[in-house]
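Student: The structure that follows is given in the form of structure tokens.
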Amino acid sequence: GENVEQHPSTLSVQEGDSAVIKCTYSDSASNYFPWYKQELGKGPQLIIDIRSNVGEKKDQRIAVTLNKTAKHFSLHITETQPEDSAVYFCAASRSGGSNYKLTFGKGTLLTVNP
Amino acid sequence: DTEVTQTPKHLVMGMTNKKSLKCEQHMGHRAMYWYKQKAKKPPELMFVYSYEKLSINESVPSRFSPECPNSSLLNLHLHALQPEDSALYLCASDNPGTGTGELFFGEGSRLTVL
């Protein structure tokens, strides 16, 4: 089955700095890579996703890059703000079937210090 | 309306109690999921219902019993739980087969088993 490794497990940055979280996956058939943000006491929320036919995707301060050959993908947050503080999970799956299973990374606790 | 609503938000129960967790979505999604999340861990898939039929059971103990009365509702019946079952239980939904991949999560029900 799929295995997703996520690093680092904790990340502390100063407000305004950039933050980068990296994930690797094992199943070359995986083609969908979402990133979820989970704030304290809340459920995970999708913040950005990328499919394997795209190398990079950007949404305002958030970007995701994918290297299919190396089987890794990264989340980049620029101009970090205190409200970006949360746990971030990467995930991988084969999408498009009647049901698919997301394999999550272990999460990264991001702390943005004012 | 893009919400998955879970009740109750908090539940404390003894090992001999019978209780239920409820989940509701009105996005027209035809797949609904139960996940279990322990502290500082990623969500773990428990059950998947697709078109009101149970399609995935991740070898969950029988003390957890899922039910999908209709396409908008998902229940998780709890009986004879153990203290180690204390966790955040997350409901999620999406549309199977569309290839969009996005899972919408609820805020979760935090369960404590005494």
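In the structure tokens, chains take the letters A, B, ... in the order shown, each chain's residues start at 1, and ligands count up from 1 in the order shown.
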What are the closest atom pairs, with distances in Å to one decimal, for all residues of chain B lying within 12 Å of chain A? Consider only C-alpha atoms, order rows by chain and residue number, and present the result as a tab-separated table.
Tutor:
```
residue	atom	partner	partner_atom	distance
B:Thr2	CA	A:Gln45	CA	11.6
B:Glu3	CA	A:Gln45	CA	11.1
B:Val4	CA	A:Gly43	CA	9.9
B:Thr5	CA	A:Gly43	CA	10.7
B:Gln6	CA	A:Gly43	CA	10.4
B:Lys9	CA	A:Gly41	CA	9.8
B:His10	CA	A:Gly41	CA	10.9
B:Arg30	CA	A:Ser98	CA	10.0
B:Ala31	CA	A:Asn99	CA	7.7
B:Met32	CA	A:Asn99	CA	9.9
B:Tyr33	CA	A:Asn99	CA	10.1
B:Trp34	CA	A:Lys101	CA	11.9
B:Tyr35	CA	A:Gly43	CA	10.6
B:Lys36	CA	A:Gly43	CA	11.2
B:Gln37	CA	A:Gly43	CA	9.9
B:Lys38	CA	A:Lys106	CA	11.4
B:Ala39	CA	A:Leu40	CA	10.7
B:Lys40	CA	A:Gly107	CA	7.8
B:Lys41	CA	A:Lys106	CA	6.0
B:Pro42	CA	A:Lys106	CA	5.5
B:Pro43	CA	A:Phe104	CA	7.4
B:Glu44	CA	A:Phe104	CA	8.4
B:Leu45	CA	A:Lys101	CA	7.9
B:Met46	CA	A:Lys101	CA	10.6
B:Phe47	CA	A:Lys101	CA	10.5
B:Val48	CA	A:Asn99	CA	7.9
B:Tyr49	CA	A:Asn99	CA	8.8
B:Ser50	CA	A:Asn99	CA	7.3
B:Tyr51	CA	A:Ser98	CA	9.8
B:Lys53	CA	A:Asn99	CA	11.6
B:Leu54	CA	A:Asn99	CA	10.9
B:Ser55	CA	A:Asn99	CA	8.0
B:Ile56	CA	A:Asn99	CA	8.5
B:Asn57	CA	A:Lys101	CA	11.6
B:Glu58	CA	A:Lys101	CA	10.7
B:Ala87	CA	A:Gly41	CA	11.9
B:Leu88	CA	A:Gly43	CA	9.2
B:Tyr89	CA	A:Gly43	CA	9.4
B:Leu90	CA	A:Gly43	CA	7.0
B:Cys91	CA	A:Gly43	CA	8.8
B:Ala92	CA	A:Gly43	CA	9.3
B:Ser93	CA	A:Asn99	CA	10.9
B:Asp94	CA	A:Asn99	CA	9.3
B:Asn95	CA	A:Ser98	CA	8.4
B:Pro96	CA	A:Ser98	CA	4.7
B:Gly97	CA	A:Ser98	CA	4.5
B:Thr98	CA	A:Gly96	CA	5.8
B:Gly99	CA	A:Gly96	CA	3.8
B:Thr100	CA	A:Gly96	CA	7.3
B:Gly101	CA	A:Ser95	CA	5.9
B:Glu102	CA	A:Leu46	CA	7.1
B:Leu103	CA	A:Leu46	CA	7.5
B:Phe104	CA	A:Gln45	CA	7.1
B:Phe105	CA	A:Gly43	CA	5.8
B:Gly106	CA	A:Gly43	CA	5.6
B:Glu107	CA	A:Gly43	CA	4.2
B:Gly108	CA	A:Gly43	CA	6.0
B:Ser109	CA	A:Gly43	CA	9.6
B:Arg110	CA	A:Gly41	CA	9.0
```
Student: Give the strand (DSSP E or B) residues of chain B, as DSSP finds them on the backbone, and put them as a PyMOL selection string.
Tutor: chain B and resi 4-7+10-13+18-25+31-37+44-50+53-57+64-70+73-79+87-94+104-105+109-113
Student: Could you tell me how far atom CA of A:Ala63 lies from atom CA of A:Pro82, in Å and to one decimal?
Tutor: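 Between these atoms lies a distance of 18.0 Å.
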Student: What does the structure give for the distance between atom CA of A:Pro8 and atom CA of B:Leu111, in Å to one decimal?
Tutor: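 Between atom CA of A:Pro8 and atom CA of B:Leu111 the gap works out to 28.9 Å.
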Student: How many Å lie between atom CA of B:His29 and atom CA of A:Trp35, rounded to one decimal?
Tutor: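 Distance reported for this atom pair: 20.6 Å.
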Student: When you look at B:Leu74 with a cut-off of 8 Å (counting only C-alpha atoms), what residues show up, excluding the ones that are within fewer than 6 positions of it in the same chain? I need them as number ranges by chain.
Tutor: B: 22-24, 32, 66-68
Student: Here is a test: counting only C-alpha atoms, which residue of B:Ala80, B:Leu114, B:Val60, B:Leu73 is nearest to B:Leu11?
Tutor: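 Residue with the minimum atom-to-atom distance to B:Leu11: B:Leu114.
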Student: Counting only C-alpha atoms, what is within 8 Å of B:Gly14, bar same-chain residues fewer than 2 positions away, as JSON, numbers by chain?
Tutor: {"B": [12, 16, 17, 81, 113, 114]}
